[in-house]
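What's in run.txt: compact mmCIF, C-alpha atoms
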```txt
# COMPACT_ATOMS: atom_id res chain seq x y z
CA MET A 16 26.47 94.25 153.53
CA ALA A 17 26.75 97.97 152.96
CA VAL A 18 28.56 100.12 155.53
CA ALA A 19 27.59 103.76 155.95
CA ILE A 20 30.48 106.07 155.11
CA ALA A 21 30.95 108.92 157.58
CA ALA A 22 33.23 111.94 157.40
CA ALA A 23 36.96 111.25 157.07
CA ARG A 24 38.85 111.53 160.29
CA VAL A 25 42.57 111.73 161.10
CA TRP A 26 43.74 109.58 163.99
CA ARG A 27 45.83 111.08 166.76
CA PRO A 28 47.05 108.18 168.94
CA ASN A 29 48.05 108.35 172.58
CA ARG A 30 51.54 107.14 171.73
CA GLY A 31 52.87 108.30 168.40
CA LEU A 32 53.55 105.86 165.64
CA SER A 33 55.64 107.07 162.73
CA GLN A 34 54.13 108.99 159.83
CA ALA A 35 54.55 105.94 157.62
CA ALA A 36 52.59 103.86 160.10
CA LEU A 37 49.96 106.57 160.44
CA LEU A 38 49.44 106.51 156.70
CA LEU A 39 48.43 102.85 156.89
CA LEU A 40 46.09 103.26 159.83
CA ARG A 41 44.09 106.13 158.35
CA ARG A 42 41.12 105.69 156.12
CA PRO A 43 37.81 107.40 155.50
CA GLY A 44 34.86 106.22 157.49
CA ALA A 45 34.73 107.07 161.17
CA ARG A 46 32.92 104.46 163.22
CA GLY A 47 30.79 104.98 166.27
CA LEU A 48 31.24 103.24 169.61
CA ALA A 49 28.42 100.74 169.14
CA ARG A 50 26.62 102.11 166.15
CA SER A 51 23.66 100.32 164.62
CA HIS A 52 21.63 101.10 161.51
CA PRO A 53 17.99 100.19 162.17
CA HIS A 54 16.76 102.79 159.67
CA ARG A 55 19.05 103.89 156.86
CA GLN A 56 18.19 107.25 155.34
CA GLN A 57 17.13 106.99 151.72
CA GLN A 58 19.70 108.58 149.37
CA GLN A 59 18.39 111.67 147.60
CA PHE A 60 18.90 111.66 143.83
CA SER A 61 19.04 114.69 141.55
CA SER A 62 18.61 114.51 137.79
CA LEU A 63 20.94 117.50 137.46
CA ASP A 64 23.74 115.82 139.44
CA ASP A 65 26.08 113.85 137.16
CA LYS A 66 28.04 112.27 140.04
CA PRO A 67 28.00 108.48 140.47
CA GLN A 68 24.97 107.25 142.43
CA PHE A 69 25.89 103.56 142.52
CA PRO A 70 25.28 102.13 146.01
CA GLY A 71 28.25 99.74 145.90
CA ALA A 72 31.14 102.22 145.98
CA SER A 73 32.06 105.84 146.63
CA ALA A 74 33.95 107.19 143.63
CA GLU A 75 34.14 109.73 140.84
CA PHE A 76 33.65 109.28 137.09
CA ILE A 77 36.69 109.43 134.79
CA ASP A 78 36.82 109.61 130.99
CA LYS A 79 40.07 107.71 130.41
CA LEU A 80 40.43 103.92 130.26
CA GLU A 81 42.88 102.94 133.00
CA PHE A 82 43.34 99.74 135.02
CA ILE A 83 44.46 99.85 138.63
CA GLN A 84 48.04 98.66 139.02
CA PRO A 85 48.59 95.78 141.52
CA ASN A 86 51.15 97.80 143.50
CA VAL A 87 50.15 101.45 143.47
CA ILE A 88 52.93 102.30 145.94
CA SER A 89 56.46 100.95 146.25
CA GLY A 90 55.50 98.80 149.22
CA ILE A 91 53.82 99.27 152.59
CA PRO A 92 56.55 100.43 154.98
CA ILE A 93 57.59 98.37 158.02
CA TYR A 94 57.17 100.13 161.35
CA ARG A 95 59.91 99.57 163.89
CA VAL A 96 61.17 101.09 167.13
CA MET A 97 64.55 99.40 167.69
CA ASP A 98 67.36 98.74 165.26
CA ARG A 99 69.15 95.39 165.24
CA GLN A 100 71.52 96.56 167.96
CA GLY A 101 68.63 97.30 170.32
CA GLN A 102 68.90 101.08 169.98
CA ILE A 103 65.72 103.18 169.96
CA ILE A 104 65.53 104.87 166.56
CA ASN A 105 62.97 107.57 167.34
CA PRO A 106 62.65 108.51 171.05
CA SER A 107 59.00 109.49 170.56
CA GLU A 108 58.22 105.86 169.67
CA ASP A 109 59.83 104.41 172.81
CA PRO A 110 57.02 102.72 174.81
CA HIS A 111 58.95 103.49 178.04
CA LEU A 112 58.10 100.12 179.55
CA PRO A 113 59.29 99.62 183.13
CA LYS A 114 62.27 97.37 183.80
CA GLU A 115 60.10 94.62 185.30
CA LYS A 116 57.91 94.40 182.19
CA VAL A 117 60.85 94.35 179.77
CA LEU A 118 62.48 91.60 181.82
CA LYS A 119 59.25 89.62 181.69
CA LEU A 120 59.24 90.00 177.90
CA TYR A 121 62.81 88.73 177.72
CA LYS A 122 62.35 85.86 180.15
CA SER A 123 59.16 84.71 178.42
CA MET A 124 60.92 84.66 175.05
CA THR A 125 64.01 82.84 176.31
CA LEU A 126 62.02 80.34 178.40
CA LEU A 127 59.95 79.52 175.33
CA ASN A 128 63.16 79.06 173.35
CA THR A 129 64.53 76.67 175.98
CA MET A 130 61.29 74.67 176.11
CA ASP A 131 61.32 74.42 172.30
CA ARG A 132 64.81 72.95 172.24
CA ILE A 133 64.03 70.31 174.86
CA LEU A 134 60.68 69.26 173.39
CA TYR A 135 62.08 69.21 169.84
CA GLU A 136 64.82 66.82 170.99
CA SER A 137 62.29 64.73 172.91
CA GLN A 138 60.33 64.19 169.70
CA ARG A 139 63.49 63.20 167.87
CA GLN A 140 64.08 60.63 170.63
CA GLY A 141 60.56 59.21 170.20
CA ARG A 142 59.26 60.48 173.54
CA ILE A 143 56.45 62.56 171.98
CA SER A 144 54.82 62.18 168.57
CA PHE A 145 55.10 65.70 167.13
CA TYR A 146 56.35 69.20 167.83
CA MET A 147 56.54 72.68 166.31
CA THR A 148 59.16 75.19 167.44
CA ASN A 149 58.80 78.97 167.64
CA TYR A 150 62.41 79.86 166.79
CA GLY A 151 62.72 83.40 165.45
CA GLU A 152 59.08 84.34 166.01
CA GLU A 153 59.13 84.81 169.79
CA GLY A 154 58.84 88.60 169.50
CA THR A 155 55.52 88.42 167.66
CA HIS A 156 53.82 86.34 170.37
CA VAL A 157 55.25 87.98 173.46
CA GLY A 158 55.18 91.57 172.22
CA SER A 159 51.52 91.32 171.26
CA ALA A 160 50.54 89.42 174.42
CA ALA A 161 52.08 92.15 176.59
CA ALA A 162 49.87 94.77 174.92
CA LEU A 163 46.60 92.93 175.60
CA ASP A 164 44.42 92.77 178.67
CA ASN A 165 44.54 89.38 180.35
CA THR A 166 40.83 88.89 179.66
CA ASP A 167 41.14 89.50 175.92
CA LEU A 168 40.23 86.36 174.00
CA VAL A 169 42.97 84.67 171.97
CA PHE A 170 42.49 82.46 168.91
CA GLY A 171 45.84 80.94 167.93
CA GLN A 172 46.98 78.96 164.94
CA TYR A 173 49.70 76.63 166.27
CA ARG A 174 52.81 78.76 166.72
CA GLU A 175 51.70 81.16 169.47
CA ALA A 176 52.88 79.38 172.62
CA GLY A 177 54.56 82.63 173.66
CA VAL A 178 51.15 84.20 174.33
CA LEU A 179 50.41 81.51 176.90
CA MET A 180 53.97 81.75 178.25
CA TYR A 181 53.52 85.48 178.85
CA ARG A 182 50.18 84.79 180.57
CA ASP A 183 52.03 82.51 183.02
CA TYR A 184 50.71 79.22 181.70
CA PRO A 185 52.59 76.61 183.78
CA LEU A 186 55.39 74.63 182.17
CA GLU A 187 53.79 71.51 183.64
CA LEU A 188 50.69 72.07 181.49
CA PHE A 189 52.74 72.70 178.33
CA MET A 190 54.44 69.38 178.94
CA ALA A 191 51.23 67.58 179.92
CA GLN A 192 49.61 68.60 176.65
CA CYS A 193 52.55 67.47 174.51
CA TYR A 194 52.73 64.16 176.38
CA GLY A 195 48.93 63.73 176.52
CA ASN A 196 49.04 62.60 180.13
CA ILE A 197 46.40 62.73 182.89
CA SER A 198 47.26 66.36 183.68
CA ASP A 199 46.49 67.48 180.13
CA LEU A 200 43.50 69.83 180.11
CA GLY A 201 42.45 68.27 176.79
CA LYS A 202 42.61 64.76 178.31
CA GLY A 203 45.03 63.50 175.69
CA ARG A 204 42.67 63.97 172.76
CA GLN A 205 44.77 66.49 170.81
CA MET A 206 48.10 66.13 169.07
CA PRO A 207 51.02 68.04 170.67
CA VAL A 208 51.22 71.89 170.64
CA HIS A 209 47.41 72.21 170.43
CA TYR A 210 47.13 74.15 173.68
CA GLY A 211 44.06 75.69 175.24
CA CYS A 212 43.25 77.33 178.57
CA LYS A 213 39.87 78.69 179.61
CA GLU A 214 41.25 80.53 182.65
CA ARG A 215 43.75 82.39 180.45
CA HIS A 216 41.19 83.05 177.70
CA PHE A 217 43.11 81.06 175.10
CA VAL A 218 40.81 79.07 172.80
CA THR A 219 42.02 75.52 172.12
CA ILE A 220 43.99 75.25 168.90
CA SER A 221 42.66 73.09 166.08
CA SER A 222 44.70 71.70 163.20
CA PRO A 223 42.64 72.73 160.13
CA LEU A 224 44.22 75.86 158.72
CA ALA A 225 42.47 79.24 159.17
CA THR A 226 39.25 77.86 160.71
CA GLN A 227 39.94 80.03 163.76
CA ILE A 228 39.57 83.25 161.74
CA PRO A 229 35.78 83.31 161.20
CA GLN A 230 35.33 81.80 164.67
CA ALA A 231 37.27 84.70 166.17
CA VAL A 232 35.12 87.18 164.26
CA GLY A 233 32.01 85.59 165.72
CA ALA A 234 33.46 85.88 169.22
CA ALA A 235 34.32 89.54 168.59
CA TYR A 236 30.81 90.24 167.36
CA ALA A 237 29.41 88.65 170.53
CA ALA A 238 31.73 90.82 172.65
CA LYS A 239 30.51 93.90 170.81
CA ARG A 240 26.85 93.04 171.37
CA ALA A 241 27.55 92.44 175.06
CA ASN A 242 29.47 95.74 175.41
CA ALA A 243 32.19 93.65 177.03
CA ASN A 244 35.00 96.22 176.65
CA ARG A 245 37.05 93.34 175.30
CA VAL A 246 38.99 92.62 172.15
CA VAL A 247 39.59 89.35 170.32
CA ILE A 248 42.98 88.71 168.76
CA CYS A 249 43.33 86.11 166.03
CA TYR A 250 46.77 84.83 165.00
CA PHE A 251 47.57 83.19 161.69
CA GLY A 252 50.38 82.87 159.18
CA GLU A 253 50.63 84.33 155.71
CA GLY A 254 49.93 80.86 154.31
CA ALA A 255 46.62 80.66 156.20
CA ALA A 256 45.72 84.05 154.71
CA SER A 257 45.35 82.26 151.38
CA GLU A 258 42.49 80.16 152.74
CA GLY A 259 38.90 81.12 151.98
CA ASP A 260 38.13 81.35 155.70
CA ALA A 261 40.51 84.30 155.97
CA HIS A 262 38.69 86.30 153.32
CA ALA A 263 35.29 85.50 154.78
CA GLY A 264 36.53 86.49 158.23
CA PHE A 265 37.97 89.81 157.05
CA ASN A 266 34.74 90.75 155.30
CA PHE A 267 32.47 89.80 158.20
CA ALA A 268 34.67 91.68 160.67
CA ALA A 269 34.57 94.85 158.57
CA THR A 270 30.86 94.83 157.75
CA LEU A 271 29.78 93.85 161.26
CA GLU A 272 32.29 96.32 162.79
CA CYS A 273 33.85 93.86 165.21
CA PRO A 274 36.51 94.64 167.85
CA ILE A 275 39.12 92.21 166.57
CA ILE A 276 42.84 92.29 165.82
CA PHE A 277 43.92 90.08 162.94
CA PHE A 278 47.57 89.31 163.67
CA CYS A 279 49.43 87.79 160.73
CA ARG A 280 52.88 86.31 161.31
CA ASN A 281 54.51 86.59 157.89
CA ASN A 282 57.50 84.30 158.42
CA GLY A 283 58.38 83.75 154.76
CA TYR A 284 57.18 80.19 154.30
CA ALA A 285 53.89 78.27 154.31
CA ILE A 286 55.55 74.97 155.24
CA SER A 287 57.80 74.72 152.14
CA THR A 288 56.07 77.30 149.92
CA PRO A 289 57.89 80.67 149.88
CA THR A 290 55.91 83.90 149.80
CA SER A 291 56.97 84.47 146.17
CA GLU A 292 54.80 81.49 145.23
CA GLN A 293 51.93 82.31 147.62
CA TYR A 294 50.85 85.74 146.39
CA ARG A 295 51.66 88.47 143.89
CA GLY A 296 50.42 91.46 145.89
CA ASP A 297 52.24 93.41 148.59
CA GLY A 298 51.95 90.90 151.41
CA ILE A 299 48.99 90.61 153.74
CA ALA A 300 48.69 94.18 155.09
CA ALA A 301 47.84 95.39 151.58
CA ARG A 302 44.65 93.33 151.65
CA GLY A 303 43.20 95.17 154.64
CA PRO A 304 42.10 98.36 152.87
CA GLY A 305 40.26 96.29 150.26
CA TYR A 306 38.01 95.00 153.03
CA GLY A 307 37.82 98.35 154.80
CA ILE A 308 40.15 97.27 157.60
CA MET A 309 42.73 99.51 159.27
CA SER A 310 46.12 97.92 158.59
CA ILE A 311 49.78 98.21 159.49
CA ARG A 312 53.00 96.32 158.82
CA VAL A 313 55.53 96.00 161.63
CA ASP A 314 58.96 94.52 162.22
CA GLY A 315 58.05 91.29 164.00
CA ASN A 316 61.59 90.91 165.32
CA ASP A 317 61.21 94.20 167.20
CA VAL A 318 59.21 93.41 170.33
CA PHE A 319 58.56 97.12 171.03
CA ALA A 320 57.15 97.75 167.54
CA VAL A 321 54.83 94.76 167.97
CA TYR A 322 53.83 96.01 171.42
CA ASN A 323 53.08 99.59 170.26
CA ALA A 324 51.03 98.51 167.25
CA THR A 325 49.02 95.92 169.19
CA LYS A 326 48.36 98.26 172.11
CA GLU A 327 47.05 101.05 169.88
CA ALA A 328 45.04 98.62 167.74
CA ARG A 329 43.47 97.19 170.89
CA ARG A 330 42.57 100.63 172.24
CA ARG A 331 40.90 101.68 169.04
CA ALA A 332 39.22 98.35 168.32
CA VAL A 333 37.41 98.52 171.66
CA ALA A 334 36.67 102.24 171.58
CA GLU A 335 35.45 102.35 167.97
CA ASN A 336 34.22 98.80 167.32
CA GLN A 337 36.28 98.12 164.25
CA PRO A 338 38.80 95.51 163.11
CA PHE A 339 42.54 95.97 162.70
CA LEU A 340 45.07 93.98 160.70
CA ILE A 341 48.69 93.74 161.84
CA GLU A 342 51.20 92.05 159.58
CA ALA A 343 54.34 91.20 161.56
CA MET A 344 57.31 90.55 159.28
CA THR A 345 59.52 87.85 160.77
CA TYR A 346 61.34 84.64 159.85
CA ARG A 347 60.77 81.00 160.75
CA ILE A 348 64.24 79.84 161.78
CA GLY A 349 63.20 76.29 162.65
CA HIS A 350 61.65 73.65 160.45
CA HIS A 351 57.91 73.96 159.97
CA SER A 352 57.49 71.00 162.31
CA THR A 353 59.21 67.75 163.20
CA SER A 354 57.61 66.34 160.03
CA ASP A 355 59.55 68.82 157.88
CA ASP A 356 63.14 69.14 156.66
CA SER A 357 63.54 72.75 155.55
CA SER A 358 67.01 72.12 154.10
CA ALA A 359 65.18 70.76 151.06
CA TYR A 360 63.88 74.20 150.11
CA ARG A 361 66.15 76.83 151.70
CA SER A 362 69.85 77.27 152.32
CA VAL A 363 71.73 76.99 155.59
CA ASP A 364 73.21 80.45 154.95
CA GLU A 365 69.72 81.95 154.76
CA VAL A 366 68.70 80.45 158.09
CA ASN A 367 71.99 81.41 159.76
CA TYR A 368 71.60 85.02 158.67
CA TRP A 369 68.31 85.41 160.54
CA ASP A 370 69.48 83.37 163.50
CA LYS A 371 72.71 85.31 163.98
CA GLN A 372 71.99 88.78 162.55
CA ASP A 373 68.33 89.58 163.23
CA HIS A 374 66.92 87.49 166.06
CA PRO A 375 64.23 89.07 168.29
CA ILE A 376 65.81 87.68 171.47
CA SER A 377 69.24 89.08 170.60
CA ARG A 378 67.76 92.46 169.79
CA LEU A 379 65.97 92.72 173.13
CA ARG A 380 69.07 91.49 174.98
CA HIS A 381 71.08 94.32 173.39
CA TYR A 382 68.47 96.78 174.65
CA LEU A 383 68.60 95.37 178.18
CA LEU A 384 72.39 95.52 178.22
CA SER A 385 72.39 99.13 177.00
CA GLN A 386 69.96 100.07 179.77
CA GLY A 387 72.09 98.40 182.42
CA TRP A 388 69.22 96.08 183.32
CA TRP A 389 71.02 92.85 182.39
CA ASP A 390 74.56 91.48 182.26
CA GLU A 391 76.41 88.34 181.23
CA GLU A 392 76.32 86.83 184.72
CA GLN A 393 72.54 87.23 184.89
CA GLU A 394 72.28 85.74 181.41
CA LYS A 395 74.23 82.61 182.42
CA ALA A 396 72.26 82.23 185.65
CA TRP A 397 68.90 82.61 183.89
CA ARG A 398 69.80 80.16 181.13
CA LYS A 399 70.75 77.60 183.76
CA GLN A 400 67.65 78.29 185.85
CA SER A 401 65.25 78.19 182.89
CA ARG A 402 66.68 74.90 181.65
CA LYS A 403 66.31 73.40 185.11
CA LYS A 404 62.66 74.51 185.30
CA VAL A 405 61.86 73.02 181.90
CA MET A 406 63.65 69.75 182.66
CA GLU A 407 61.79 69.35 185.96
CA ALA A 408 58.44 69.78 184.20
CA PHE A 409 59.62 67.47 181.42
CA GLU A 410 60.59 64.66 183.81
CA GLN A 411 57.36 65.05 185.76
CA ALA A 412 55.28 64.78 182.57
CA GLU A 413 57.07 61.61 181.50
CA ARG A 414 56.25 59.85 184.77
CA LYS A 415 52.51 60.49 184.61
CA PRO A 416 50.15 57.92 183.03
CA LYS A 417 47.96 58.53 180.00
CA PRO A 418 44.25 59.33 180.53
CA ASN A 419 41.75 56.51 180.92
CA PRO A 420 40.64 55.25 177.47
CA ASN A 421 36.98 55.77 178.46
CA LEU A 422 37.59 59.53 178.21
CA LEU A 423 37.48 59.07 174.45
CA PHE A 424 33.70 59.09 174.75
CA SER A 425 33.05 61.85 177.29
CA ASP A 426 32.61 65.64 177.26
CA VAL A 427 30.63 65.85 174.03
CA TYR A 428 27.05 65.00 174.98
CA GLN A 429 25.31 65.65 178.28
CA GLU A 430 23.71 62.24 177.92
CA MET A 431 25.68 59.70 175.90
CA PRO A 432 23.73 58.59 172.77
CA ALA A 433 23.04 54.91 172.28
CA GLN A 434 25.37 54.66 169.29
CA LEU A 435 28.29 56.12 171.23
CA ARG A 436 27.53 53.90 174.24
CA LYS A 437 27.61 50.91 171.88
CA GLN A 438 31.08 51.93 170.68
CA GLN A 439 32.29 52.34 174.27
CA GLU A 440 31.05 48.84 175.14
CA SER A 441 32.70 47.46 172.02
CA LEU A 442 36.05 48.98 173.05
CA ALA A 443 35.71 47.52 176.55
CA ARG A 444 35.08 44.00 175.12
CA HIS A 445 38.00 44.39 172.72
CA LEU A 446 40.41 45.42 175.48
CA GLN A 447 39.19 42.64 177.74
CA THR A 448 39.95 40.09 175.01
CA TYR A 449 43.11 41.57 173.51
CA GLY A 450 44.35 43.87 176.29
CA GLU A 451 47.67 42.03 176.54
CA HIS A 452 48.60 43.50 173.15
CA TYR A 453 48.18 47.10 174.36
CA PRO A 454 50.35 49.05 176.86
CA LEU A 455 47.43 49.48 179.25
CA GLU A 456 49.80 49.72 182.21
CA HIS A 457 50.67 53.23 180.97
CA PHE A 458 47.03 54.38 181.16
CA ASP A 459 45.13 55.65 184.17
CA LYS A 460 42.81 53.04 185.65
```
If you took the structure in this file and wrote it as structure tokens, what would it be?
Amino acid sequence: MAVAIAAARVWRPNRGLSQAALLLLRRPGARGLARSHPHRQQQQFSSLDDKPQFPGASAEFIDKLEFIQPNVISGIPIYRVMDRQGQIINPSEDPHLPKEKVLKLYKSMTLLNTMDRILYESQRQGRISFYMTNYGEEGTHVGSAAALDNTDLVFGQYREAGVLMYRDYPLELFMAQCYGNISDLGKGRQMPVHYGCKERHFVTISSPLATQIPQAVGAAYAAKRANANRVVICYFGEGAASEGDAHAGFNFAATLECPIIFFCRNNGYAISTPTSEQYRGDGIAARGPGYGIMSIRVDGNDVFAVYNATKEARRRAVAENQPFLIEAMTYRIGHHSTSDDSSAYRSVDEVNYWDKQDHPISRLRHYLLSQGWWDEEQEKAWRKQSRKKVMEAFEQAERKPKPNPNLLFSDVYQEMPAQLRKQQESLARHLQTYGEHYPLEHFDK
């Protein structure tokens, strides 16, 4: 689908990003607020004009054979606000967030970290079937969530629990989902960490990789047509960016001019596959311009850099109806999941470096300490309090029964088809005959 090319325009944001970041977020082609093209003006051709007239690209002729190099620049720079000691590098980039908001960022990240540790251990003890931690990537979730409106629609992959945590999703519901008990909003039908919450505008996670990307684009296109003043944010990893759905989603979003933020967590590994074996180009941000998408690369361990980039991308996506791509560079400190042993493909020293030297929680704690907003006594008290809160929710979830088995057949059809009713009756007969072999006492009656 062709996109009309308007006059080049230089962006002047409300809050300044660095010149390096500006370079990535500029491109020719200004977009209107809700522009449509019912009648495209026919291009005028002149036999005396020797400029290219091809409709598929805007370019000039050259008379020298030359191929485009894969990396035409040394590498897209990484935008950041804080150094590893929590010091603001450039005062003009400081988001000047109030104390209460910064504390909420910190408490959301640390509470998520505490929940991860307890649920990871519970899986190792056989209490739940599966789990995925968020160690090292907390800044990407929470920093971006803080920059969104609460009504903005979220499509996650499976490592964005921090978005829900920031939106005050109850610990009891996190636990209920992982245990699949009667309080689970999904009624026990999903495997653990596949959260969803209609009230918090978080679309239920599905396991197949990258399927959420074109779905998110469709939702963004619907929001545009409804003039909803709303953005869609779609999270995925750099491994998912290798799926065909990612490429289809990028192209649809650009050509349909959708208000969407593509948020890529580049954590170094697609399960066990390192980035060096995933792609040869300059990461994921470098792909944006090829689709006509405004793009930026940020330090994902710097919660303020993530916040600034997401906030400005959101403002412009809504105002101009166009997509944005944010590549957050971070590191997956934990195993991919409880089904993975990352020591088989990376060293302990590598993991320890990121855990001890460049952790997003440590960086934000340094900032809080330097501002006088936090101290060691508060840290100890909060760690104790947060663990108590998680353990209370954990123990409550364990005591609750599983959903009634009949819920396997509900919530799909308004009127149950005959074939499905036949299966339900077959299950009932089976349980009546062989019920003693199943732990039915653990299920809701």
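With distances taken over all atoms listed in the file, A:Ala328 is the one residue among A:Leu435, A:Ala328, A:Ile286, A:Leu423 lying closest to Met309 (chain A).
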Taking (67.0, 80.9, 154.0) in the file's own coordinates, collect the residues within 12 Å, counting only C-alpha atoms, and hand them back as a PyMOL selection string. chain A and resi 282-284+287+289+346-350+357-370
Shortest interatomic distance to Asp199 (chain A) - which of A:Ala234, A:Pro416, A:Ile341, A:Phe278, counting only C-alpha atoms: A:Pro416
Fewer than 2 positions away in the same chain doesn't count, so skip those; otherwise give me all residues within 10 Å of Asp314 (chain A), counting all atoms listed in the file, as a ChimeraX atom specification. /A:92-98,154-155,312,316-321,342-345,375
Considering all atoms listed in the file, can you say which of A:Ile133, A:Ala161, A:Leu224, A:Ala332 comes closest to Leu118 (chain A)? A:Ala161
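With distances restricted to all atoms listed in the file, A:Gly177 is the closest residue to Thr129 (chain A) from A:Gly307, A:Gly177, A:Pro418, A:Gly71.
In this model, the gap between CA of Pro110 (chain A) and CA of Thr325 (chain A) comes to 11.9 Å.
When CA of Glu327 (chain A) is paired with CA of Ala162 (chain A), their separation reads 8.5 Å.
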Let me make sure I understand: among A:Phe82, A:Phe339, A:Phe217, A:Tyr194, which one has the smallest atom-to-atom distance to Gly141 (chain A) if we use only C-alpha atoms? A:Tyr194
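Remark: for Leu127 (chain A), the closest of the candidate residues A:Ala74, A:Ser144, A:Ile197, A:Ile376 is A:Ile376 (distances computed over all atoms listed in the file).
Take CA of Pro106 (chain A) and CA of Tyr150 (chain A): the distance between them is 29.0 Å.
The neighbours of Ala225 (chain A) here are the residues that come within 9 Å of it, using only C-alpha atoms and leaving out any residue fewer than 2 positions away in the same chain; they are Gln172, Ser222, Pro223, Gln227, Ile228, Pro229, Phe251, Gly252, Ala255, Ala256, Ser257, Glu258, Gly259, Asp260 and Ala261 of chain A.
At a cut-off of 8 Å from (35.7, 85.5, 164.0), the residue set is A:Gln227, A:Ile228, A:Pro229, A:Gln230, A:Ala231, A:Val232, A:Gly233, A:Ala234, A:Ala235, A:Tyr236, A:Cys249, A:Gly264, A:Phe267, A:Ala268, A:Ile275 (counting all atoms listed in the file).
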Please provide the set of residues having any atom within 12 Å of Met124 (chain A), restricted to all atoms listed in the file, with same-chain residues fewer than 3 positions apart removed, written as a PDB file with C-alpha atoms, in the frame of the given file.
```
ATOM      1  CA  VAL A 117      60.850  94.350 179.770  1.00  0.00           C
ATOM      2  CA  LEU A 118      62.480  91.600 181.820  1.00  0.00           C
ATOM      3  CA  LYS A 119      59.250  89.620 181.690  1.00  0.00           C
ATOM      4  CA  LEU A 120      59.240  90.000 177.900  1.00  0.00           C
ATOM      5  CA  TYR A 121      62.810  88.730 177.720  1.00  0.00           C
ATOM      6  CA  LEU A 127      59.950  79.520 175.330  1.00  0.00           C
ATOM      7  CA  ASN A 128      63.160  79.060 173.350  1.00  0.00           C
ATOM      8  CA  THR A 129      64.530  76.670 175.980  1.00  0.00           C
ATOM      9  CA  MET A 130      61.290  74.670 176.110  1.00  0.00           C
ATOM     10  CA  ASP A 131      61.320  74.420 172.300  1.00  0.00           C
ATOM     11  CA  ASN A 149      58.800  78.970 167.640  1.00  0.00           C
ATOM     12  CA  TYR A 150      62.410  79.860 166.790  1.00  0.00           C
ATOM     13  CA  GLY A 151      62.720  83.400 165.450  1.00  0.00           C
ATOM     14  CA  GLU A 152      59.080  84.340 166.010  1.00  0.00           C
ATOM     15  CA  GLU A 153      59.130  84.810 169.790  1.00  0.00           C
ATOM     16  CA  GLY A 154      58.840  88.600 169.500  1.00  0.00           C
ATOM     17  CA  THR A 155      55.520  88.420 167.660  1.00  0.00           C
ATOM     18  CA  HIS A 156      53.820  86.340 170.370  1.00  0.00           C
ATOM     19  CA  VAL A 157      55.250  87.980 173.460  1.00  0.00           C
ATOM     20  CA  GLY A 158      55.180  91.570 172.220  1.00  0.00           C
ATOM     21  CA  ALA A 160      50.540  89.420 174.420  1.00  0.00           C
ATOM     22  CA  ALA A 161      52.080  92.150 176.590  1.00  0.00           C
ATOM     23  CA  GLU A 175      51.700  81.160 169.470  1.00  0.00           C
ATOM     24  CA  ALA A 176      52.880  79.380 172.620  1.00  0.00           C
ATOM     25  CA  GLY A 177      54.560  82.630 173.660  1.00  0.00           C
ATOM     26  CA  VAL A 178      51.150  84.200 174.330  1.00  0.00           C
ATOM     27  CA  LEU A 179      50.410  81.510 176.900  1.00  0.00           C
ATOM     28  CA  MET A 180      53.970  81.750 178.250  1.00  0.00           C
ATOM     29  CA  TYR A 181      53.520  85.480 178.850  1.00  0.00           C
ATOM     30  CA  ASN A 316      61.590  90.910 165.320  1.00  0.00           C
ATOM     31  CA  VAL A 318      59.210  93.410 170.330  1.00  0.00           C
ATOM     32  CA  HIS A 374      66.920  87.490 166.060  1.00  0.00           C
ATOM     33  CA  PRO A 375      64.230  89.070 168.290  1.00  0.00           C
ATOM     34  CA  ILE A 376      65.810  87.680 171.470  1.00  0.00           C
ATOM     35  CA  SER A 377      69.240  89.080 170.600  1.00  0.00           C
ATOM     36  CA  ARG A 378      67.760  92.460 169.790  1.00  0.00           C
ATOM     37  CA  LEU A 379      65.970  92.720 173.130  1.00  0.00           C
ATOM     38  CA  ARG A 380      69.070  91.490 174.980  1.00  0.00           C
ATOM     39  CA  ARG A 398      69.800  80.160 181.130  1.00  0.00           C
ATOM     40  CA  SER A 401      65.250  78.190 182.890  1.00  0.00           C
TER      41      SER A 401
END
```
